[in-house]
Every structure is written in structure tokens, then in C-alpha cells.
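Participant: Take a look at final.tsv, TSV, C-alpha atoms and all ligand atoms:
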chain	number	residue	atom	x	y	z
A	289	MET	CA	53.06	66.73	62.89
A	290	SER	CA	52.42	65.72	66.46
A	291	SER	CA	50.45	62.60	67.16
A	292	LYS	CA	48.34	64.58	69.63
A	293	ASN	CA	44.82	65.34	68.48
A	294	TRP	CA	45.04	69.12	68.30
A	295	SER	CA	41.69	70.68	67.51
A	296	PRO	CA	40.90	72.20	64.08
A	297	ARG	CA	41.02	75.65	65.74
A	298	SER	CA	44.58	75.03	66.97
A	299	LEU	CA	45.78	73.56	63.70
A	300	ALA	CA	44.22	76.35	61.62
A	301	ALA	CA	45.69	79.08	63.87
A	302	GLN	CA	49.16	77.78	62.99
A	303	ALA	CA	48.35	76.82	59.38
A	304	MET	CA	49.26	73.23	60.38
A	305	GLY	CA	52.33	74.39	62.31
A	306	LYS	CA	54.78	74.10	59.44
A	307	ILE	CA	58.19	75.71	60.14
A	308	ASP	CA	60.41	76.86	57.27
A	309	PRO	CA	63.36	74.43	57.29
A	310	THR	CA	65.90	77.02	56.01
A	311	THR	CA	65.25	79.94	58.36
A	312	LYS	CA	63.05	78.33	61.05
A	313	GLY	CA	60.47	81.00	60.27
A	314	VAL	CA	57.04	80.30	61.73
A	315	VAL	CA	55.48	81.54	58.48
A	316	PRO	CA	56.64	79.47	55.52
A	317	PRO	CA	57.82	81.34	52.41
A	318	ILE	CA	55.64	81.81	49.32
A	319	HIS	CA	56.83	79.39	46.63
A	320	ILE	CA	56.68	81.23	43.33
A	321	SER	CA	58.75	79.11	40.95
A	322	THR	CA	56.88	77.88	37.89
A	323	THR	CA	59.55	75.35	36.96
A	324	TYR	CA	61.86	72.92	38.74
A	325	ILE	CA	65.32	71.45	38.06
A	326	ARG	CA	65.32	67.96	36.64
A	327	ASP	CA	67.69	65.35	38.03
A	328	GLU	CA	70.59	64.02	35.97
A	329	ASP	CA	68.53	60.94	35.19
A	330	ASN	CA	65.70	63.27	34.02
A	331	GLY	CA	63.56	62.56	37.09
A	332	TYR	CA	61.95	65.09	39.44
A	333	SER	CA	63.06	63.98	42.87
A	334	GLY	CA	61.62	67.19	44.40
A	335	GLY	CA	58.13	66.04	43.46
A	336	PHE	CA	57.35	69.20	41.44
A	337	VAL	CA	57.47	69.52	37.65
A	338	TYR	CA	55.64	72.68	36.61
A	339	GLY	CA	53.45	75.41	38.08
A	340	ARG	CA	50.14	74.67	36.40
A	341	PRO	CA	49.44	71.28	37.97
A	342	ASP	CA	50.92	72.00	41.36
A	343	ASN	CA	52.44	74.52	43.77
A	344	GLU	CA	53.81	74.06	47.29
A	345	THR	CA	52.14	77.15	48.79
A	346	THR	CA	48.82	76.13	47.24
A	347	ARG	CA	49.32	72.63	48.66
A	348	GLU	CA	49.94	74.09	52.13
A	349	ALA	CA	46.69	76.06	51.99
A	350	GLU	CA	44.92	72.94	50.71
A	351	SER	CA	46.17	70.96	53.68
A	352	VAL	CA	44.62	73.50	56.09
A	353	LEU	CA	41.26	73.31	54.35
A	354	ALA	CA	41.34	69.50	54.06
A	355	MET	CA	41.96	69.38	57.83
A	356	LEU	CA	39.06	71.79	58.51
A	357	GLU	CA	36.65	69.78	56.34
A	358	GLN	CA	38.05	66.43	57.55
A	359	ALA	CA	38.45	65.58	53.86
A	360	LYS	CA	40.12	62.18	53.63
A	361	ALA	CA	40.93	62.59	49.94
A	362	GLY	CA	42.18	66.16	50.37
A	363	ALA	CA	41.38	69.57	48.92
A	364	LEU	CA	41.99	71.36	45.63
A	365	LEU	CA	42.19	75.14	45.32
A	366	PHE	CA	41.02	76.99	42.23
A	367	GLY	CA	41.26	80.54	40.90
A	368	SER	CA	37.65	81.26	41.97
A	369	GLY	CA	34.60	79.67	43.53
A	370	MET	CA	33.06	79.39	40.06
A	371	ALA	CA	36.18	77.65	38.72
A	372	ALA	CA	35.87	75.11	41.56
A	373	ALA	CA	32.13	74.57	41.10
A	374	THR	CA	32.27	74.28	37.32
A	375	ALA	CA	35.13	71.73	37.55
A	376	VAL	CA	32.69	69.38	39.30
A	377	PHE	CA	30.20	69.63	36.42
A	378	GLN	CA	32.95	69.38	33.81
A	379	ALA	CA	34.03	66.09	35.38
A	380	LEU	CA	30.66	64.63	34.30
A	381	SER	CA	29.93	63.21	30.84
A	382	PRO	CA	27.52	64.44	28.15
A	383	GLY	CA	24.02	63.11	28.80
A	384	ASP	CA	24.52	62.84	32.56
A	385	HIS	CA	21.57	64.02	34.62
A	386	VAL	CA	22.06	66.55	37.43
A	387	VAL	CA	19.67	67.71	40.13
A	388	ALA	CA	20.52	71.12	41.61
A	389	SER	CA	19.06	73.48	44.21
A	390	LYS	CA	16.57	76.00	42.87
A	391	VAL	CA	17.81	78.57	45.35
A	392	MET	CA	21.53	78.89	44.79
A	393	TYR	CA	24.35	81.25	43.94
A	394	TRP	CA	22.88	83.01	40.89
A	395	ALA	CA	26.00	82.98	38.67
A	396	LEU	CA	26.28	79.21	39.01
A	397	ARG	CA	22.58	78.73	38.21
A	398	SER	CA	23.07	80.92	35.15
A	399	TRP	CA	26.19	78.94	34.09
A	400	LEU	CA	24.30	75.66	34.47
A	401	LEU	CA	21.42	76.96	32.35
A	402	THR	CA	23.65	78.29	29.57
A	403	GLU	CA	27.11	76.65	29.45
A	404	ALA	CA	26.54	73.28	31.13
A	405	THR	CA	23.59	72.43	28.92
A	406	ARG	CA	25.80	73.15	25.87
A	407	TRP	CA	28.15	70.48	27.19
A	408	GLY	CA	25.27	68.01	27.15
A	409	LEU	CA	24.36	67.94	30.83
A	410	VAL	CA	20.67	67.59	31.63
A	411	ILE	CA	19.78	69.64	34.70
A	412	ASP	CA	16.67	69.78	36.84
A	413	PHE	CA	16.31	72.42	39.53
A	414	VAL	CA	14.33	71.50	42.64
A	415	GLU	CA	13.91	72.81	46.15
A	416	THR	CA	16.53	70.53	47.70
A	417	ASP	CA	15.20	71.46	51.16
A	418	ASP	CA	12.07	69.50	50.13
A	419	LEU	CA	13.30	65.90	50.42
A	420	ALA	CA	10.23	64.46	48.70
A	421	ALA	CA	10.81	66.76	45.72
A	422	LEU	CA	14.47	65.78	45.65
A	423	ALA	CA	13.66	62.06	45.81
A	424	ALA	CA	11.16	62.50	42.95
A	425	ALA	CA	13.69	64.39	40.82
A	426	VAL	CA	16.59	61.91	40.92
A	427	LYS	CA	16.60	59.24	38.22
A	428	PRO	CA	18.28	56.03	39.38
A	429	GLY	CA	21.19	55.17	37.09
A	430	LYS	CA	20.88	58.44	35.14
A	431	THR	CA	21.42	61.08	37.81
A	432	LYS	CA	25.16	61.36	38.43
A	433	LEU	CA	25.22	64.43	40.64
A	434	VAL	CA	23.05	66.20	43.19
A	435	TRP	CA	24.22	69.77	43.86
A	436	ALA	CA	22.90	71.40	47.01
A	437	GLU	CA	23.73	74.80	48.44
A	438	THR	CA	23.04	75.14	52.17
A	439	PRO	CA	22.32	77.62	53.66
A	440	SER	CA	21.30	78.77	50.18
A	441	ASN	CA	21.84	82.24	48.89
A	442	PRO	CA	19.88	84.55	49.42
A	443	LEU	CA	16.93	82.92	51.25
A	444	TRP	CA	19.10	80.74	53.52
A	445	THR	CA	17.02	77.63	52.99
A	446	ILE	CA	18.51	74.56	54.63
A	447	THR	CA	19.02	71.24	52.89
A	448	ASP	CA	19.30	68.17	55.12
A	449	ILE	CA	22.74	66.99	53.97
A	450	ALA	CA	22.56	63.48	55.45
A	451	ALA	CA	19.11	62.82	53.95
A	452	ALA	CA	20.12	64.31	50.56
A	453	ALA	CA	23.23	62.10	50.53
A	454	GLU	CA	21.10	59.03	51.12
A	455	ILE	CA	18.74	59.97	48.27
A	456	ALA	CA	21.67	60.71	45.92
A	457	HIS	CA	23.57	57.54	46.78
A	458	LYS	CA	20.49	55.33	46.40
A	459	ALA	CA	20.16	56.64	42.84
A	460	GLY	CA	23.85	56.07	42.14
A	461	ALA	CA	24.69	59.80	42.23
A	462	LYS	CA	27.26	61.84	44.12
A	463	LEU	CA	26.25	64.65	46.46
A	464	ALA	CA	28.18	67.91	46.21
A	465	VAL	CA	27.47	70.69	48.73
A	466	ASP	CA	28.23	74.38	48.30
A	467	SER	CA	29.04	75.11	51.95
A	468	THR	CA	30.33	78.67	51.45
A	469	CYS	CA	27.81	80.21	53.83
A	470	ALA	CA	28.20	77.57	56.56
A	471	SER	CA	32.01	77.31	56.52
A	472	PRO	CA	33.73	74.30	58.10
A	473	VAL	CA	33.36	75.99	61.50
A	474	HIS	CA	29.61	75.31	61.46
A	475	THR	CA	29.13	72.35	59.10
A	476	ARG	CA	31.30	69.56	57.73
A	477	PRO	CA	29.24	68.10	54.88
A	478	LEU	CA	31.65	65.21	54.19
A	479	GLN	CA	31.05	63.93	57.71
A	480	LEU	CA	27.31	64.00	57.04
A	481	GLY	CA	27.61	61.87	53.91
A	482	ALA	CA	28.35	64.35	51.11
A	483	ASP	CA	31.00	63.31	48.57
A	484	ILE	CA	32.30	66.73	47.58
A	485	VAL	CA	32.21	70.05	49.42
A	486	MET	CA	32.72	73.31	47.56
A	487	HIS	CA	33.66	76.74	48.91
A	488	ALA	CA	33.86	80.16	47.41
A	489	ALA	CA	37.05	80.74	49.42
A	490	THR	CA	36.69	84.38	48.33
A	491	LYS	CA	34.17	84.64	51.14
A	492	VAL	CA	34.60	83.77	54.84
A	493	LEU	CA	37.52	81.32	54.42
A	494	ASN	CA	39.72	84.20	53.33
A	495	GLY	CA	37.56	86.71	55.14
A	496	HIS	CA	39.18	89.98	54.07
A	497	SER	CA	37.62	90.69	50.66
A	498	ASP	CA	41.04	90.69	49.02
A	499	VAL	CA	41.33	87.26	47.38
A	500	VAL	CA	39.25	85.49	44.74
A	501	ALA	CA	39.56	81.74	45.29
A	502	GLY	CA	37.59	78.52	45.25
A	503	ALA	CA	37.96	75.10	46.80
A	504	LEU	CA	36.78	71.54	46.53
A	505	CYS	CA	37.25	68.84	49.17
A	506	ALA	CA	36.50	65.16	48.74
A	507	ARG	CA	35.69	62.26	51.01
A	508	GLU	CA	36.93	59.46	48.73
A	509	ASP	CA	39.93	59.41	46.44
A	510	ASP	CA	37.85	57.77	43.73
A	511	GLU	CA	37.42	58.00	39.97
A	512	PHE	CA	35.23	61.10	40.17
A	513	TRP	CA	37.76	62.98	42.32
A	514	ASN	CA	40.49	61.99	39.87
A	515	ARG	CA	38.37	63.34	37.00
A	516	ILE	CA	38.13	66.65	38.89
A	517	LYS	CA	41.90	66.70	39.42
A	518	THR	CA	42.38	66.10	35.69
A	519	VAL	CA	40.04	68.99	34.88
A	520	ARG	CA	41.96	71.41	37.13
A	521	LYS	CA	45.33	70.29	35.78
A	522	GLY	CA	44.28	70.43	32.14
A	523	GLN	CA	42.37	73.68	32.29
A	524	GLY	CA	44.86	75.46	34.50
A	525	GLY	CA	42.39	76.44	37.16
A	526	ILE	CA	44.87	76.24	40.08
A	527	LEU	CA	45.00	79.09	42.60
A	528	GLY	CA	48.24	81.08	42.35
A	529	PRO	CA	50.77	81.07	45.22
A	530	PHE	CA	50.22	84.67	46.37
A	531	GLU	CA	46.47	84.16	46.69
A	532	ALA	CA	47.04	80.78	48.34
A	533	TYR	CA	49.29	82.49	50.90
A	534	LEU	CA	46.69	85.18	51.63
A	535	LEU	CA	43.98	82.56	51.93
A	536	MET	CA	46.10	80.57	54.36
A	537	ARG	CA	46.70	83.71	56.40
A	538	GLY	CA	42.94	84.30	56.44
A	539	MET	CA	42.17	80.76	57.57
A	540	ARG	CA	44.41	81.21	60.63
A	541	THR	CA	41.71	83.46	62.10
A	542	LEU	CA	38.69	81.68	60.60
A	543	HIS	CA	37.31	80.44	63.91
A	544	VAL	CA	37.40	83.75	65.75
A	545	ARG	CA	35.99	85.67	62.79
A	546	GLN	CA	33.28	83.13	62.08
A	547	GLU	CA	32.17	82.94	65.71
A	548	ARG	CA	31.95	86.73	66.03
A	549	GLN	CA	30.18	87.10	62.69
A	550	SER	CA	27.64	84.34	63.43
A	551	ALA	CA	26.92	85.65	66.93
A	552	SER	CA	26.36	89.14	65.51
A	553	ALA	CA	24.16	87.77	62.70
A	554	MET	CA	21.99	86.03	65.31
A	555	THR	CA	21.67	89.20	67.39
A	556	LEU	CA	20.78	91.23	64.30
A	557	ALA	CA	18.23	88.61	63.18
A	558	GLN	CA	16.55	88.76	66.59
A	559	LYS	CA	16.56	92.55	66.84
A	560	LEU	CA	15.42	93.08	63.26
A	561	SER	CA	12.56	90.60	63.75
A	562	ALA	CA	11.09	93.13	66.19
A	563	HIS	CA	11.75	96.14	63.93
A	564	PRO	CA	8.52	97.83	62.73
A	565	LEU	CA	9.95	98.44	59.24
A	566	VAL	CA	11.05	94.83	58.71
A	567	ALA	CA	8.35	92.51	57.34
A	568	ARG	CA	10.39	89.34	57.64
A	569	VAL	CA	13.86	88.19	58.63
A	570	LEU	CA	15.34	85.17	56.86
A	571	TYR	CA	17.91	83.49	59.08
A	572	PRO	CA	18.20	79.77	59.91
A	573	GLY	CA	18.98	80.61	63.54
A	574	LEU	CA	15.44	81.91	64.11
A	575	PRO	CA	12.99	79.25	65.35
A	576	GLN	CA	10.36	80.42	62.82
A	577	HIS	CA	12.72	79.77	59.87
A	578	PRO	CA	11.46	76.69	57.96
A	579	GLY	CA	14.92	75.09	58.02
A	580	HIS	CA	15.65	75.84	61.68
A	581	ASP	CA	15.31	72.30	63.08
A	582	ILE	CA	17.59	70.77	60.47
A	583	ALA	CA	20.03	73.66	60.79
A	584	ALA	CA	20.11	73.15	64.57
A	585	ARG	CA	21.04	69.51	63.90
A	586	GLN	CA	23.61	69.93	61.15
A	587	MET	CA	25.16	73.29	62.06
A	588	GLU	CA	27.42	73.53	65.09
A	589	GLY	CA	28.17	76.61	67.17
A	590	GLY	CA	26.09	79.04	65.13
A	591	PHE	CA	23.97	79.55	62.03
A	592	GLY	CA	26.33	81.55	59.86
A	593	TYR	CA	27.06	85.15	59.02
A	594	MET	CA	24.41	85.66	56.34
A	595	LEU	CA	20.83	86.87	56.75
A	596	SER	CA	18.26	88.66	54.65
A	597	VAL	CA	15.44	91.04	55.52
A	598	GLN	CA	12.25	91.78	53.63
A	599	VAL	CA	11.46	95.43	54.07
A	600	VAL	CA	8.06	97.01	54.81
A	601	GLY	CA	7.20	99.17	51.80
A	602	GLY	CA	8.47	96.77	49.16
A	603	GLU	CA	11.22	97.15	46.60
A	604	ALA	CA	11.40	100.96	46.58
A	605	ALA	CA	11.80	101.12	50.37
A	606	ALA	CA	14.43	98.36	50.25
A	607	VAL	CA	16.52	100.10	47.59
A	608	LYS	CA	16.17	103.42	49.42
A	609	ALA	CA	17.20	101.88	52.75
A	610	ALA	CA	20.31	100.39	51.13
A	611	ALA	CA	21.12	103.81	49.73
A	612	HIS	CA	21.21	105.26	53.25
A	613	VAL	CA	23.63	102.95	55.05
A	614	GLU	CA	26.75	104.55	56.44
A	615	LEU	CA	28.69	101.84	58.26
A	616	TYR	CA	27.48	98.95	56.12
A	617	LYS	CA	29.06	98.93	52.69
A	618	ARG	CA	26.66	98.70	49.75
A	619	ALA	CA	28.42	95.99	47.76
A	620	THR	CA	28.15	92.46	46.51
A	621	SER	CA	30.03	89.48	47.97
A	622	LEU	CA	30.00	88.26	51.54
A	623	GLY	CA	31.99	86.79	54.42
A	624	GLY	CA	34.50	89.61	54.93
A	625	VAL	CA	35.28	91.40	58.18
A	626	GLU	CA	33.34	94.42	56.89
A	627	SER	CA	29.54	94.22	56.80
A	628	LEU	CA	27.87	94.42	53.39
A	629	ILE	CA	24.33	95.11	52.26
A	630	GLU	CA	22.85	94.39	48.86
A	631	HIS	CA	19.53	94.53	47.03
A	632	ARG	CA	19.73	91.12	45.34
A	633	ALA	CA	16.74	91.08	42.99
A	634	SER	CA	18.20	93.87	40.87
A	635	ILE	CA	21.40	91.84	40.41
A	636	GLU	CA	19.91	88.41	39.91
A	637	GLY	CA	17.42	89.43	37.22
A	638	ALA	CA	14.58	87.38	35.75
A	639	GLY	CA	14.13	83.82	36.95
A	640	SER	CA	15.55	84.57	40.39
A	641	PRO	CA	13.60	83.27	43.39
A	642	CYS	CA	14.70	86.39	45.27
A	643	PRO	CA	11.80	88.63	46.36
A	644	PRO	CA	12.10	92.29	45.26
A	645	ASP	CA	11.81	93.66	48.80
A	646	LEU	CA	14.82	91.65	50.03
A	647	LEU	CA	18.09	93.08	51.31
A	648	ARG	CA	20.95	90.65	51.87
A	649	LEU	CA	23.21	91.31	54.83
A	650	SER	CA	26.70	89.92	55.25
A	651	THR	CA	27.74	90.35	58.86
A	652	GLY	CA	31.28	91.46	59.60
A	653	ILE	CA	33.13	91.93	62.88
A	654	GLU	CA	32.19	95.54	63.64
A	655	ASP	CA	30.55	96.57	66.91
A	656	ILE	CA	27.09	95.00	66.97
A	657	GLU	CA	25.46	98.13	68.41
A	658	ASP	CA	26.87	100.17	65.53
A	659	LEU	CA	25.65	97.65	62.95
A	660	TYR	CA	22.12	97.69	64.33
A	661	ALA	CA	22.04	101.48	64.68
A	662	ASP	CA	23.14	101.85	61.05
A	663	LEU	CA	20.44	99.49	59.80
A	664	ASP	CA	17.82	101.16	61.98
A	665	GLN	CA	18.59	104.64	60.63
A	666	ALA	CA	18.77	103.32	57.02
A	667	LEU	CA	15.40	101.56	57.32
A	668	LYS	CA	13.86	104.76	58.69
A	669	ALA	CA	15.43	106.82	55.88
A	670	GLY	CA	14.08	104.27	53.40
A	671	HIS	CA	10.59	105.05	54.65
A	672	ALA	CA	10.89	108.82	54.89
B	701	LIG	C1	30.55	83.85	45.80
B	701	LIG	C2	29.92	82.52	45.74
B	701	LIG	C3	30.25	81.59	44.74
B	701	LIG	C4	31.21	81.92	43.62
B	701	LIG	O1	32.51	82.19	44.09
B	701	LIG	P1	33.51	83.17	43.29
B	701	LIG	O2	34.77	83.09	44.08
B	701	LIG	O3	32.87	84.53	43.27
B	701	LIG	O4	33.65	82.61	41.91
B	701	LIG	C5	29.64	80.36	44.80
B	701	LIG	N1	28.76	80.02	45.76
B	701	LIG	C6	28.41	80.89	46.72
B	701	LIG	C7	27.44	80.48	47.77
B	701	LIG	C8	28.98	82.16	46.76
B	701	LIG	O5	28.63	83.03	47.71
Could you quickly redo this structure as C-alpha cells?
Facilitator:
Amino acid sequence: MSSKNWSPRSLAAQAMGKIDPTTKGVVPPIHISTTYIRDEDNGYSGGFVYGRPDNETTREAESVLAMLEQAKAGALLFGSGMAAATAVFQALSPGDHVVASKVMYWALRSWLLTEATRWGLVIDFVETDDLAALAAAVKPGKTKLVWAETPSNPLWTITDIAAAAEIAHKAGAKLAVDSTCASPVHTRPLQLGADIVMHAATKVLNGHSDVVAGALCAREDDEFWNRIKTVRKGQGGILGPFEAYLLMRGMRTLHVRQERQSASAMTLAQKLSAHPLVARVLYPGLPQHPGHDIAARQMEGGFGYMLSVQVVGGEAAAVKAAAHVELYKRATSLGGVESLIEHRASIEGAGSPCPPDLLRLSTGIEDIEDLYADLDQALKAGHA
């Protein structure tokens, strides 16, 4: 690679600029072999042994993400966001104490409450956007991990990453950040003091709703990161080469997609705030959002592609409005080029902090006028 300091945008657009040495193709081939020839002396001079621990295409995608997150210790790709997140908890030991965000991706909260406790982890959930509550929850010497999701799904609360890192480190714990909804375009948690950053790469990193993938990036190549590597290798959680290729192709356009999506989300948040059938808009880009000041400090170039609205008329009106969208797709997931709408409370079930009148909106790259017009007509239909 050149010694010039090309920007992340330039490096991502070219997936690090690697040229295939055999054909000089500007898109490297997908490496699909699961096994590799041993040398006459039984060694592996190619550096690869077997497909479960390692794959060249997966490594290439990892190098793009490590560059985007400025992750000194590198990145690891997994078969899903959940596989990546759970690997962090599985790298802990029985009896370790964990503090995690109360508002977070619901499937991970559910896994922590059921599976992780069976493995002997002791978990407290707090509002990590409340630094006093976080400081009161960590137990010096006992707490080994603080897990914060920011902006957090589906209320988009903002945790101050630098302050949370200081609290975690003072107690002798690591800070891991689920940065799926910020993406490295807007926030680089490792630069703010976090130790691990996690992504559901299924979402905006890939961006086309056609790959399930997860990622972890680390600041330090320390014992904890090596434990995580051992977990992925042993449990076989590596992302396959075809998915890694698609993810890498997605990341080439990450900046342009993310900028468009965040700009549209901001416009929608502003317009919907003035809509008579919207009781409240939850979006960190709005000055009235409780996390706005911190978001303005720790997010760069936008506030992300996710927002939620609370609908006048409560749950019934919200569900009915979602039933009437035409351009928006009524589906779960987020971060793709197509806009999605979902009534979250009915998915998340009991124990969810999600209000029943809330609709979650993932903003795609469609025409902003069309997106607003579709929501406007759906909200009106929801009230008819
Ligand atoms: C989707 C998502 C996950 C889980 O990722 P999968 O790829 O679906 O396993 C974790 N965190 C957040 C914030 C997500 O949106």
C-alpha cells in the first residue's frame, strides 16, 4: 500500500486497493478452498492451514473494516452479529460481572438473560446513557465488561463512549460498544476509548439486505482479544468467503450510502416532528433528543439512518399506519438501501423498554419526497 495517507473513504471505495496478482483484476477473486497443500517438510508456507480458523477473502474484508474503525489490533468477521456479540461474552469466565445497556438489540438482551447466565455470567442492566447509574453499577475488580449500544435500538439513546470507557477502565473492565447504528462513518468508538467495537455487518456495513454477518474490532492485541480469537476459531463462527466478498463489495459504497441515509433520516425527523399525527420523534439529530449534545460531540457528519416515531392514537394507530405503507417495506432489520418500517413492541415482547405506539424507521436511499409522502399517507390511513 502507498505511504500516502489516503482517506478511509478512498481506501474503502477500492477495498484497500488490492490487485489480483495472477490476472491484475481490480476485484480480487473469492478464495473458497477449505484446505491447503502442506510443504514437503510438513509446514504451511502459504500461511493457511484450514478453512475454519481463517480465509483470505474474509481477511480482506476484515482489513477494510479494521481500517474504517482504525482498529490497531484488527477485525474479526463472524457468521452473524449475534455470533460476534456472543463471542465477547464467551471470552469471559464464569462468575464475571457484566454491566450492559438496558436499551439494546432485543435478541442480545434475551440471550444475556437466558444463555449467558447459564454460563455463570452475572449481568446487570442499566441505562448506560446515565453515567451516574453506570458508575454505580460497576464493581471494581469484579466487573470485567461494560457493554453499551449507541445509538441504542429502538429509542436511539446515546451513551457517552469516552466517559463510559473511563468508568469501565477505572473498575478494571473492558468497554465494548455495539456501533451498528452509528457505523464507522459517524463514530469510531476505539478512538474514543472503547476496547472492542461490534457491528451487525448485516446492517449498513453490507447495506443491501442480502448478507448476514457480524464483526468485532479491537484496539489492543491483548489477552482478551486473543480469548475472542480462540472462541471464533474453536466454535467455527467465521464468516464464509462468499458473504465476506459481498460484505466487502457493500463496504466500497458505505460512505455514499451512509451519508445519503443519514441526511434523509434527519430530514424525515424534522418533517415528522411537525406532523399532526406524530406525538414524538426519537432521533439523536434533533436538539430536543436527550442525547443530542453528546451525539453532536461523538458522531461526525450525521446522526445515523435510524429513527423512531410515536404515533398519535397509540398502538392501534401505529400498527394500522404500518399496514398502509406502500414504498416503505414492513419488515425487520435495518441499514439497507430500501427503507423499512416496523412495529417493535409486538416483536420484542414483555420486558422491552419499547413503547407500544412506536414505529421504527430504517432510512434507505430512496427519494426523500417519496419517503415522506408514503409515511404521511400511511399515518393518515392509520387514523382513518
Ligand atoms: C441486527 C443487530 C444485531 C444482531 O445482528 P445479526 O446479524 O442479526 O445477528 C445486533 N445489534 C444490533 C444493534 C442490530 O441491529
Participant: Restrict the calculation to all atoms listed in the file, then for each residue of region 439-524 of chain A with any atom at most 9 Å from an atom of region 404-424 of chain A give the closest atom pair and their distance in Å to one decimal, rows by chain and rising residue number, as JSON lines.
Facilitator:
{"residue": "A:Thr445", "atom": "CA", "partner": "A:Asp417", "partner_atom": "CA", "distance": 6.7}
{"residue": "A:Ile446", "atom": "CA", "partner": "A:Asp417", "partner_atom": "CA", "distance": 5.7}
{"residue": "A:Thr447", "atom": "CA", "partner": "A:Asp417", "partner_atom": "CA", "distance": 4.2}
{"residue": "A:Asp448", "atom": "CA", "partner": "A:Asp417", "partner_atom": "CA", "distance": 6.6}
{"residue": "A:Ala451", "atom": "CA", "partner": "A:Leu419", "partner_atom": "CA", "distance": 7.5}
{"residue": "A:Ala452", "atom": "CA", "partner": "A:Leu419", "partner_atom": "CA", "distance": 7.0}
{"residue": "A:Ile455", "atom": "CA", "partner": "A:Ala423", "partner_atom": "CA", "distance": 6.0}
{"residue": "A:Ala456", "atom": "CA", "partner": "A:Ala423", "partner_atom": "CA", "distance": 8.1}
{"residue": "A:Ala459", "atom": "CA", "partner": "A:Ala423", "partner_atom": "CA", "distance": 9.0}
Participant: Between A:Tyr660, A:Trp394, A:Arg648, A:Lys521, which one has atoms that come closest to Gln558 (chain A), using only C-alpha atoms?
Facilitator: A:Tyr660
Participant: What does the list of residues within 9 Å of ligand LIG 701 (chain B) look like if you count all atoms listed in the file, written as an MDAnalysis selection string?
Facilitator: chainID A and resid 366:373 392:396 437:442 466:469 486:491 499:502 620:623
Participant: Of the candidates A:Glu636, A:Glu626, A:Asp645, A:Asp509, which one gets nearest to Gly602 (chain A) if we count all atoms listed in the file?
Facilitator: A:Asp645
Participant: Between A:Glu328, A:Pro341, A:Leu443, A:Ala638, which residue has the minimum interatomic distance to Pro578 (chain A), considering only C-alpha atoms?
Facilitator: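 Smallest distance to Pro578 (chain A) is found for A:Leu443.
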Participant: Select, from A:Leu480, A:Leu380, A:Val492, A:Leu628, the residue with the minimum atom-to-atom distance to Leu535 (chain A), counting all atoms listed in the file.
Facilitator: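 Of all the options, A:Val492 lies closest to Leu535 (chain A).
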Participant: As an exercise, work out the distance from CA of Ala567 (chain A) to CA of Val613 (chain A) in Å and give it to one decimal place.
Facilitator: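 That distance, rounded to one decimal, is 18.6 Å.
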Participant: Taking (39.5, 66.0, 58.1) in the coordinates of the supplied file, I want to know which residues reach to within 9 Å of it, counting all atoms listed in the file; could you give the answer as a short mmCIF file (atom, residue, chain, number, x, y, z; two decimals) with C-alpha atoms, keeping the file's coordinate frame?
Facilitator:
data_model
loop_
_atom_site.label_atom_id
_atom_site.label_comp_id
_atom_site.auth_asym_id
_atom_site.auth_seq_id
_atom_site.Cartn_x
_atom_site.Cartn_y
_atom_site.Cartn_z
CA PRO A 296 40.90 72.20 64.08
CA LEU A 353 41.26 73.31 54.35
CA ALA A 354 41.34 69.50 54.06
CA MET A 355 41.96 69.38 57.83
CA LEU A 356 39.06 71.79 58.51
CA GLU A 357 36.65 69.78 56.34
CA GLN A 358 38.05 66.43 57.55
CA ALA A 359 38.45 65.58 53.86
CA LYS A 360 40.12 62.18 53.63
CA ALA A 361 40.93 62.59 49.94
CA GLY A 362 42.18 66.16 50.37
CA ARG A 476 31.30 69.56 57.73
CA LEU A 478 31.65 65.21 54.19
CA GLN A 479 31.05 63.93 57.71
CA ARG A 507 35.69 62.26 51.01
#
Participant: Separation of CA of Gln523 (chain A) and CA of Gly460 (chain A), in Å?
Facilitator: 27.4 Å
Participant: Residues within 9 Å of Ala300 (chain A), please, as a PyMOL selection string. Count only C-alpha atoms; anything in the same chain fewer than 2 positions from it doesn't count.
Facilitator: chain A and resi 295-298+302-305+352-353+355-356+536+539-543
Participant: Fix up region 580-584 of chain A with all heavy atoms, then write it as a CSV table (one decimal), keeping the file's coordinate frame.
Facilitator:
chain,number,residue,atom,x,y,z
A,580,HIS,N,15.0,75.7,60.4
A,580,HIS,CA,15.6,75.8,61.7
A,580,HIS,C,16.0,74.5,62.3
A,580,HIS,O,17.1,74.3,62.8
A,580,HIS,CB,14.8,76.7,62.6
A,580,HIS,CG,15.4,76.8,64.0
A,580,HIS,ND1,16.6,77.5,64.3
A,580,HIS,CD2,15.1,76.2,65.2
A,580,HIS,CE1,16.9,77.4,65.5
A,580,HIS,NE2,16.0,76.6,66.1
A,581,ASP,N,15.1,73.6,62.4
A,581,ASP,CA,15.3,72.3,63.1
A,581,ASP,C,16.5,71.5,62.5
A,581,ASP,O,17.3,71.0,63.2
A,581,ASP,CB,14.0,71.4,63.1
A,581,ASP,CG,13.0,72.1,64.0
A,581,ASP,OD1,13.3,73.0,64.7
A,581,ASP,OD2,11.8,71.6,64.0
A,582,ILE,N,16.5,71.5,61.1
A,582,ILE,CA,17.6,70.8,60.5
A,582,ILE,C,18.9,71.5,60.7
A,582,ILE,O,19.9,70.9,61.0
A,582,ILE,CB,17.3,70.6,59.0
A,582,ILE,CG1,16.1,69.7,58.8
A,582,ILE,CG2,18.5,70.0,58.2
A,582,ILE,CD1,15.4,69.9,57.4
A,583,ALA,N,18.8,72.9,60.6
A,583,ALA,CA,20.0,73.7,60.8
A,583,ALA,C,20.6,73.4,62.2
A,583,ALA,O,21.8,73.3,62.4
A,583,ALA,CB,19.7,75.1,60.6
A,584,ALA,N,19.7,73.3,63.2
A,584,ALA,CA,20.1,73.2,64.6
A,584,ALA,C,20.8,71.8,64.7
A,584,ALA,O,21.7,71.6,65.5
A,584,ALA,CB,18.9,73.2,65.5
